[in-house]
$ cat target_22.tsv   # TSV, C-alpha atoms and all ligand atoms
chain	number	residue	atom	x	y	z
I	1	MET	CA	16.50	-65.62	30.25
I	2	LYS	CA	19.15	-68.10	29.09
I	3	LEU	CA	19.11	-71.80	29.92
I	4	SER	CA	21.30	-74.80	29.27
I	5	LEU	CA	19.33	-77.96	28.50
I	6	ARG	CA	20.93	-81.41	28.66
I	7	ILE	CA	18.45	-83.54	26.72
I	8	TRP	CA	18.27	-87.30	26.09
I	9	ARG	CA	18.40	-87.89	22.33
I	10	GLN	CA	17.56	-91.33	20.94
I	11	LYS	CA	16.27	-92.04	17.44
I	12	ASP	CA	14.28	-95.13	18.39
I	13	ARG	CA	14.23	-97.82	21.04
I	14	ASN	CA	16.93	-99.88	19.29
I	15	ALA	CA	19.34	-97.00	18.62
I	16	PRO	CA	21.89	-95.95	21.24
I	17	GLY	CA	20.89	-92.84	23.20
I	18	ARG	CA	22.96	-90.02	24.69
I	19	PHE	CA	22.63	-86.66	26.36
I	20	VAL	CA	23.17	-83.59	24.17
I	21	THR	CA	23.50	-80.11	25.69
I	22	TYR	CA	21.74	-77.17	24.02
I	23	PRO	CA	21.81	-73.49	25.01
I	24	VAL	CA	18.39	-71.78	24.80
I	25	ASP	CA	18.16	-68.00	24.61
I	26	GLY	CA	15.19	-65.63	24.71
I	27	VAL	CA	13.16	-67.62	27.23
I	28	MET	CA	10.39	-65.51	28.74
I	29	PRO	CA	8.93	-66.06	32.24
I	30	GLU	CA	5.37	-66.37	30.92
I	31	MET	CA	6.28	-69.23	28.57
I	32	SER	CA	5.30	-72.75	29.54
I	33	PHE	CA	8.03	-75.38	29.62
I	34	LEU	CA	6.74	-76.84	26.34
I	35	GLU	CA	6.70	-73.40	24.70
I	36	MET	CA	10.33	-73.06	25.76
I	37	LEU	CA	11.03	-76.39	24.01
I	38	ASP	CA	9.17	-75.05	20.95
I	39	VAL	CA	11.70	-72.19	20.87
I	40	LEU	CA	14.56	-74.67	21.02
I	41	ASN	CA	13.01	-76.79	18.25
I	42	GLU	CA	12.49	-73.81	15.96
I	43	ASP	CA	16.13	-72.95	16.45
I	44	LEU	CA	17.23	-76.54	15.76
I	45	GLN	CA	15.11	-76.69	12.59
I	46	THR	CA	16.51	-73.35	11.38
I	47	ARG	CA	19.97	-74.84	11.73
I	48	GLY	CA	18.91	-78.00	9.87
I	49	GLU	CA	19.05	-80.23	12.96
I	50	GLU	CA	16.46	-82.74	14.18
I	51	PRO	CA	13.96	-81.20	16.65
I	52	VAL	CA	13.57	-82.80	20.07
I	53	ALA	CA	10.55	-85.14	20.13
I	54	PHE	CA	8.19	-84.68	23.09
I	55	GLU	CA	4.56	-85.61	23.50
I	56	HIS	CA	1.76	-83.09	24.10
I	57	ASP	CA	-1.84	-82.40	23.18
I	58	CYS	CA	-4.07	-80.23	25.37
I	59	ARG	CA	-1.31	-78.18	27.01
I	60	GLU	CA	-3.72	-77.45	29.83
I	61	GLY	CA	-3.06	-80.35	32.19
I	62	ILE	CA	-5.99	-82.58	31.29
I	63	CYS	CA	-4.96	-85.05	28.56
I	64	GLY	CA	-1.96	-86.76	30.18
I	65	SER	CA	0.12	-86.76	26.98
I	66	CYS	CA	3.02	-84.68	28.22
I	67	GLY	CA	5.56	-85.72	30.77
I	68	PHE	CA	9.28	-86.33	31.16
I	69	LEU	CA	11.86	-86.03	33.89
I	70	ILE	CA	13.27	-82.60	34.70
I	71	ASP	CA	16.36	-83.04	36.85
I	72	GLY	CA	15.11	-86.51	37.74
I	73	VAL	CA	11.61	-85.41	38.85
I	74	PRO	CA	8.55	-86.36	36.77
I	75	HIS	CA	6.91	-83.16	35.45
I	76	GLY	CA	9.57	-81.06	37.21
I	77	PRO	CA	9.81	-79.23	40.50
I	78	ARG	CA	6.26	-77.84	40.99
I	79	ARG	CA	3.80	-80.01	42.92
I	80	HIS	CA	0.49	-80.86	41.24
I	81	THR	CA	1.67	-79.40	37.93
I	82	THR	CA	2.04	-81.10	34.58
I	83	VAL	CA	5.02	-80.13	32.45
I	84	CYS	CA	2.70	-78.31	30.03
I	85	GLN	CA	1.45	-76.14	32.89
I	86	LEU	CA	4.90	-75.52	34.33
I	87	HIS	CA	5.95	-71.96	33.62
I	88	MET	CA	9.44	-70.61	33.12
I	89	ARG	CA	9.00	-68.04	35.89
I	90	PHE	CA	9.81	-70.88	38.28
I	91	PHE	CA	13.33	-71.15	36.82
I	92	LYS	CA	16.28	-68.75	36.97
I	93	ASP	CA	18.47	-67.22	34.31
I	94	GLY	CA	21.46	-69.50	33.74
I	95	ASP	CA	19.75	-72.68	35.06
I	96	ALA	CA	21.14	-75.95	33.68
I	97	LEU	CA	18.39	-78.59	33.42
I	98	THR	CA	18.50	-82.27	32.49
I	99	LEU	CA	15.52	-83.66	30.53
I	100	GLU	CA	15.01	-87.38	30.02
I	101	PRO	CA	12.09	-89.70	29.23
I	102	TRP	CA	10.20	-91.89	31.74
I	103	ARG	CA	12.49	-94.80	32.61
I	104	ALA	CA	10.35	-97.94	32.99
I	105	ARG	CA	10.39	-101.27	31.14
I	106	ALA	CA	6.63	-101.09	30.68
I	107	PHE	CA	7.04	-97.78	28.83
I	108	PRO	CA	9.44	-98.52	25.96
I	109	LEU	CA	11.06	-95.52	24.39
I	110	VAL	CA	9.68	-94.25	21.09
I	111	ARG	CA	12.01	-91.31	20.47
I	112	ASP	CA	13.89	-88.71	22.57
I	113	LEU	CA	11.44	-87.79	25.39
I	114	VAL	CA	8.49	-89.85	24.05
I	115	VAL	CA	7.61	-93.26	25.48
I	116	ASP	CA	4.92	-95.80	24.59
I	117	ARG	CA	2.32	-95.82	27.41
I	118	SER	CA	-0.09	-98.25	25.73
I	119	ALA	CA	0.34	-100.60	28.73
I	120	PHE	CA	-2.04	-98.20	30.52
I	121	ASP	CA	-4.57	-98.54	27.69
I	122	ARG	CA	-4.54	-102.32	28.07
I	123	ILE	CA	-5.28	-102.00	31.79
I	124	ILE	CA	-8.22	-99.70	31.03
I	125	GLN	CA	-9.51	-102.07	28.33
I	126	ALA	CA	-9.62	-104.89	30.89
I	127	GLY	CA	-12.32	-103.23	33.00
I	128	GLY	CA	-12.73	-99.50	32.49
I	129	TYR	CA	-16.37	-99.70	31.41
I	130	ILE	CA	-19.89	-100.20	32.73
I	131	THR	CA	-22.80	-102.14	31.20
I	132	ALA	CA	-25.51	-99.61	32.05
I	133	PRO	CA	-27.57	-98.98	28.92
I	134	THR	CA	-26.38	-95.99	26.95
I	135	GLY	CA	-28.42	-93.88	24.60
I	136	SER	CA	-30.00	-90.56	25.27
I	137	ALA	CA	-29.02	-88.85	28.51
I	138	PRO	CA	-31.02	-90.25	31.46
I	139	ASP	CA	-32.88	-88.00	33.91
I	140	ALA	CA	-30.39	-86.49	36.33
I	141	ASN	CA	-32.04	-88.18	39.33
I	142	ALA	CA	-32.76	-91.57	37.70
I	143	ILE	CA	-29.87	-93.14	39.64
I	144	LEU	CA	-29.22	-91.43	42.95
I	145	VAL	CA	-25.51	-91.06	43.69
I	146	PRO	CA	-24.51	-90.31	47.30
I	147	LYS	CA	-22.43	-87.14	47.56
I	148	GLU	CA	-19.48	-88.98	49.13
I	149	ALA	CA	-19.46	-91.54	46.31
I	150	ALA	CA	-19.65	-88.79	43.68
I	151	ASP	CA	-16.75	-86.94	45.31
I	152	THR	CA	-14.61	-90.09	45.49
I	153	ALA	CA	-15.33	-90.97	41.87
I	154	PHE	CA	-14.55	-87.43	40.79
I	155	ASP	CA	-11.23	-87.41	42.66
I	156	ALA	CA	-10.27	-90.76	41.10
I	157	ALA	CA	-11.32	-89.61	37.64
I	158	ALA	CA	-8.81	-86.76	37.91
I	159	CYS	CA	-6.07	-89.25	36.93
I	160	ILE	CA	-4.92	-88.25	33.45
I	161	GLY	CA	-2.84	-91.38	32.78
I	162	CYS	CA	0.41	-89.48	32.40
I	163	GLY	CA	2.64	-92.20	33.85
I	164	ALA	CA	4.54	-90.02	36.32
I	165	CYS	CA	3.61	-92.42	39.14
I	166	VAL	CA	5.34	-95.29	37.31
I	167	ALA	CA	8.36	-93.15	36.44
I	168	SER	CA	8.88	-92.08	40.06
I	169	CYS	CA	8.35	-95.48	41.66
I	170	PRO	CA	11.58	-97.35	42.49
I	171	ASN	CA	9.73	-100.53	41.40
I	172	ALA	CA	8.08	-98.92	38.35
I	173	ALA	CA	4.72	-100.06	39.74
I	174	ALA	CA	1.43	-98.92	38.21
I	175	MET	CA	-0.67	-99.28	41.36
I	176	LEU	CA	-1.67	-95.62	41.75
I	177	PHE	CA	-2.90	-95.39	38.15
I	178	THR	CA	-4.76	-98.72	38.31
I	179	ALA	CA	-6.21	-97.92	41.74
I	180	ALA	CA	-7.55	-94.58	40.48
I	181	LYS	CA	-9.12	-96.15	37.40
I	182	VAL	CA	-10.72	-98.95	39.41
I	183	ALA	CA	-11.94	-96.58	42.13
I	184	HIS	CA	-13.53	-94.23	39.61
I	185	LEU	CA	-16.14	-96.77	38.52
I	186	ASN	CA	-16.21	-98.92	41.67
I	187	SER	CA	-17.35	-95.88	43.70
I	188	LEU	CA	-20.49	-95.27	41.66
I	189	PRO	CA	-23.80	-97.16	41.71
I	190	GLN	CA	-23.52	-97.58	37.93
I	191	GLY	CA	-20.21	-99.42	38.42
I	192	GLN	CA	-21.47	-102.03	40.88
I	193	PRO	CA	-22.62	-104.80	38.45
I	194	GLU	CA	-19.05	-105.35	37.21
I	195	ARG	CA	-17.26	-104.33	40.40
I	196	ASP	CA	-15.56	-107.66	41.18
I	197	GLU	CA	-14.93	-108.49	37.54
I	198	ARG	CA	-13.44	-105.04	36.91
I	199	THR	CA	-11.18	-105.18	39.96
I	200	LEU	CA	-9.77	-108.62	39.23
I	201	ASN	CA	-9.38	-108.10	35.50
I	202	MET	CA	-7.71	-104.70	35.71
I	203	VAL	CA	-5.29	-105.96	38.35
I	204	ALA	CA	-4.60	-109.05	36.26
I	205	ALA	CA	-4.01	-106.83	33.21
I	206	MET	CA	-1.55	-104.78	35.26
I	207	GLY	CA	0.21	-108.01	36.21
I	208	ARG	CA	0.55	-109.02	32.57
I	209	GLU	CA	2.50	-105.85	31.77
I	210	VAL	CA	6.07	-105.43	32.96
I	211	PHE	CA	5.29	-103.15	35.87
I	212	GLY	CA	6.90	-103.81	39.24
I	213	THR	CA	5.26	-104.54	42.56
I	214	CYS	CA	4.01	-101.81	44.90
I	215	SER	CA	5.95	-101.64	48.17
I	216	ASN	CA	4.30	-98.49	49.57
I	217	HIS	CA	7.14	-96.03	48.95
I	218	GLY	CA	4.66	-93.25	48.20
I	219	GLU	CA	6.78	-91.63	45.50
I	220	CYS	CA	3.81	-91.92	43.14
I	221	GLU	CA	1.60	-89.76	45.30
I	222	ALA	CA	4.41	-87.21	45.76
I	223	VAL	CA	4.79	-86.57	42.02
I	224	CYS	CA	1.24	-87.12	40.77
I	225	PRO	CA	0.22	-83.88	39.05
I	226	LYS	CA	-3.41	-84.53	39.93
I	227	GLY	CA	-2.87	-85.30	43.62
I	228	ILE	CA	-4.22	-88.87	43.45
I	229	PRO	CA	-3.81	-90.11	47.05
I	230	LEU	CA	-2.38	-93.42	48.25
I	231	GLU	CA	-5.76	-94.18	49.87
I	232	PHE	CA	-6.93	-95.40	46.46
I	233	ILE	CA	-4.26	-98.12	46.58
I	234	ALA	CA	-5.55	-99.24	49.98
I	235	ALA	CA	-9.09	-99.27	48.56
I	236	LEU	CA	-7.91	-101.34	45.58
I	237	ASN	CA	-6.29	-103.89	47.89
I	238	ARG	CA	-9.55	-104.17	49.85
I	239	ASP	CA	-11.56	-104.57	46.63
I	240	VAL	CA	-9.21	-107.29	45.38
I	241	ILE	CA	-9.59	-109.29	48.61
I	242	ARG	CA	-13.36	-108.87	48.62
I	243	ALA	CA	-13.66	-109.83	44.96
I	244	ALA	CA	-11.43	-112.85	45.45
I	245	PHE	CA	-13.56	-114.10	48.35
I	246	ARG	CA	-16.75	-113.62	46.38
I	247	ARG	CA	-15.47	-115.29	43.27
I	248	ARG	CA	-13.46	-117.97	45.05
I	249	ARG	CA	-11.10	-118.06	42.14
I	250	GLU	CA	-7.73	-119.62	42.87
I	251	PRO	CA	-4.91	-118.94	42.61
I	252	LEU	CA	-5.00	-115.14	42.80
I	253	HIS	CA	-1.52	-113.90	41.99
I	254	VAL	CA	-2.10	-110.32	41.13
I	255	LEU	CA	1.03	-108.23	41.46
I	256	GLY	CA	4.43	-108.48	39.87
I	257	ALA	CA	3.75	-111.92	38.48
I	258	PRO	CA	3.86	-111.69	34.70
I	259	HIS	CA	3.06	-115.37	34.14
I	260	HIS	CA	0.07	-115.84	36.44
I	261	PRO	CA	-3.18	-117.07	34.89
I	262	ALA	CA	-5.32	-114.02	34.16
I	263	HIS	CA	-8.89	-114.25	35.31
I	264	GLU	CA	-10.19	-114.17	31.77
I	265	ASP	CA	-7.85	-117.06	31.00
I	266	VAL	CA	-9.11	-118.97	34.03
I	267	ARG	CA	-12.64	-118.59	32.73
I	268	GLU	CA	-11.60	-119.66	29.27
I	269	SER	CA	-9.80	-122.73	30.49
I	270	ASN	CA	-12.76	-123.63	32.74
I	271	SER	CA	-15.19	-123.47	29.83
I	272	ALA	CA	-12.74	-125.42	27.65
I	273	GLN	CA	-12.61	-128.13	30.31
I	274	LYS	CA	-16.40	-128.26	30.45
I	275	GLU	CA	-16.62	-128.61	26.70
I	276	SER	CA	-14.06	-131.40	26.57
I	277	SER	CA	-15.85	-133.31	29.37
I	278	THR	CA	-19.25	-133.23	27.60
G	301	LIG	S1	-2.08	-91.51	39.14
G	301	LIG	FE1	-1.27	-89.40	38.85
G	301	LIG	S2	0.83	-89.74	38.13
G	301	LIG	FE2	-0.25	-91.67	37.85
G	301	LIG	S3	-1.04	-91.65	35.73
G	301	LIG	FE3	-2.69	-90.83	37.07
G	301	LIG	S4	-2.36	-88.62	37.05
G	301	LIG	FE4	-0.45	-89.49	36.27
G	302	LIG	S1	-0.33	-81.71	27.13
G	302	LIG	FE1	-2.20	-82.45	28.00
G	302	LIG	S2	-1.69	-82.73	30.09
G	302	LIG	FE2	0.08	-81.79	29.29

$ encode --input "target_22.tsv" --output "structure tokens"
Amino acid sequence: MKLSLRIWRQKDRNAPGRFVTYPVDGVMPEMSFLEMLDVLNEDLQTRGEEPVAFEHDCREGICGSCGFLIDGVPHGPRRHTTVCQLHMRFFKDGDALTLEPWRARAFPLVRDLVVDRSAFDRIIQAGGYITAPTGSAPDANAILVPKEAADTAFDAAACIGCGACVASCPNAAAMLFTAAKVAHLNSLPQGQPERDERTLNMVAAMGREVFGTCSNHGECEAVCPKGIPLEFIAALNRDVIRAAFRRRREPLHVLGAPHHPAHEDVRESNSAQKESST
């Protein structure tokens, strides 16, 4: 099978980028999309040219490293399929494909098809933990988990943090990712002690990054390779309102407001005020 690939080439985020077209020959139907790019890169290196940079690790759809736009669609044309699991049998001989990196301000370009998704890490750091004692594995029935809660947590935990939801959203919002990460721990009994704190802090962390505001387009759900549903966004909105009522913290500007006071900052400034008044 022969293909023509029009690929975005850019040395780093400050260099100008452009599309370069490459013919690829000898593509076999059983190859994955990334293996097809390996063939191209071997050819480029043989000719003394720079290989195309793309991110990958597990190549089995679980790590979230891979991902770019194929003809404008994150991870390409197959639903619920990461680009590393996308096989060439779904393409035809002579296809011309355009490959480009995620386009979102919160994901600055590193090189070619690779972007920096550390904004996601900062959202996780803001609340993706529990304070239950760790150590040796507890008895399986020490904390009873209702089946429905376990199923919800499991579905939410399927999010691999690939960033396709942001790349597909017309607002470049990170709501589906954040909602999945919040729902994962908020669904479980072990996640209840920090539930409000987690919800407010992860949403505040999302607001500090340069993601846009969710306006319920649903593009995120349509391209998510793990089928994370929009219901998690609705659940996040409910959790935010409930947490805000419980904490009575004002003002609560959570989405699309990069300069709002984060909840950690509110706490810090409150304690600073106390100190200065004593
Ligand atoms: S919600 Fe889906 S598209 Fe978004 S980061 Fe998680 S797995 Fe990727
Ligand atoms: S390389 Fe791990 S999900 Fe694709």

$ residues_around --input "target_22.tsv" --residues "Arg59 in chain I" --least-positions-apart "6" --cutoff "8 Å" --atoms "all atoms listed in the file" --output "PyMOL selection string"
chain I and resi 66+84-85

$ closest_atom_pairs --input "target_22.tsv" --of "range 39-139 of chain I" --to "range 170-189 of chain I" --cutoff "12 Å" --atoms "all atoms listed in the file" --output "Markdown table"
| residue | atom | partner | partner_atom | distance |
| --- | --- | --- | --- | --- |
| I:Gly64 | CA | I:Phe177 | CA | 11.8 |
| I:Trp102 | CA | I:Ala172 | CA | 9.9 |
| I:Arg103 | CA | I:Ala172 | CA | 8.3 |
| I:Ala104 | CA | I:Ala172 | CA | 5.9 |
| I:Arg105 | CA | I:Ala172 | CA | 7.9 |
| I:Ala106 | CA | I:Ala172 | CA | 8.1 |
| I:Phe107 | CA | I:Ala172 | CA | 9.6 |
| I:Arg117 | CA | I:Ala174 | CA | 11.3 |
| I:Ala119 | CA | I:Ala174 | CA | 9.7 |
| I:Phe120 | CA | I:Phe177 | CA | 8.2 |
| I:Asp121 | CA | I:Thr178 | CA | 10.6 |
| I:Arg122 | CA | I:Thr178 | CA | 10.9 |
| I:Ile123 | CA | I:Thr178 | CA | 7.3 |
| I:Ile124 | CA | I:Lys181 | CA | 7.3 |
| I:Gln125 | CA | I:Lys181 | CA | 10.8 |
| I:Ala126 | CA | I:Val182 | CA | 10.4 |
| I:Gly127 | CA | I:Val182 | CA | 7.9 |
| I:Gly128 | CA | I:Lys181 | CA | 7.0 |
| I:Tyr129 | CA | I:Leu185 | CA | 7.7 |
| I:Ile130 | CA | I:Leu185 | CA | 7.7 |
| I:Thr131 | CA | I:Leu185 | CA | 11.3 |
| I:Ala132 | CA | I:Pro189 | CA | 10.1 |

$ residues_near_ligand --input "target_22.tsv" --ligand "ligand LIG 301 (chain G)" --cutoff "8 Å" --atoms "all atoms listed in the file" --output "count of residues only"
23

$ closest_residue --input "target_22.tsv" --among "I:Asp116, I:Glu100, I:Asp57, I:Glu42" --to "Gln10 in chain I" --atoms "all atoms listed in the file"
I:Glu100

$ closest_residue --input "target_22.tsv" --among "I:Asp139, I:Ile7, I:Tyr22, I:Arg246" --to "Arg195 in chain I" --atoms "all atoms listed in the file"
I:Arg246

$ closest_residue --input "target_22.tsv" --among "I:Cys169, I:Val27, I:Leu86, I:Cys63" --to "ligand LIG 302 (chain G)" --atoms "all atoms listed in the file"
I:Cys63

$ residues_around --input "target_22.tsv" --residues "range 108-110 of chain I" --least-positions-apart "4" --cutoff "6 Å" --atoms "all atoms listed in the file" --output "list in words"
Asp12, Arg13, Val114, Val115 and Asp116 of chain I

$ residues_around --input "target_22.tsv" --residues "range 46-53 of chain I" --least-positions-apart "6" --cutoff "8 Å" --atoms "only C-alpha atoms" --output "PDB file with C-alpha atoms, keeping the file's coordinate frame"
ATOM      1  CA  ARG I   9      18.400 -87.890  22.330  1.00  0.00           C
ATOM      2  CA  LEU I  37      11.030 -76.390  24.010  1.00  0.00           C
ATOM      3  CA  LEU I  40      14.560 -74.670  21.020  1.00  0.00           C
ATOM      4  CA  ARG I 111      12.010 -91.310  20.470  1.00  0.00           C
ATOM      5  CA  ASP I 112      13.890 -88.710  22.570  1.00  0.00           C
ATOM      6  CA  LEU I 113      11.440 -87.790  25.390  1.00  0.00           C
ATOM      7  CA  VAL I 114       8.490 -89.850  24.050  1.00  0.00           C
TER       8      VAL I 114
END

$ atom_distance --input "target_22.tsv" --atom1 "CA of Phe245 in chain I" --atom2 "CA of Val210 in chain I"
26.4 Å
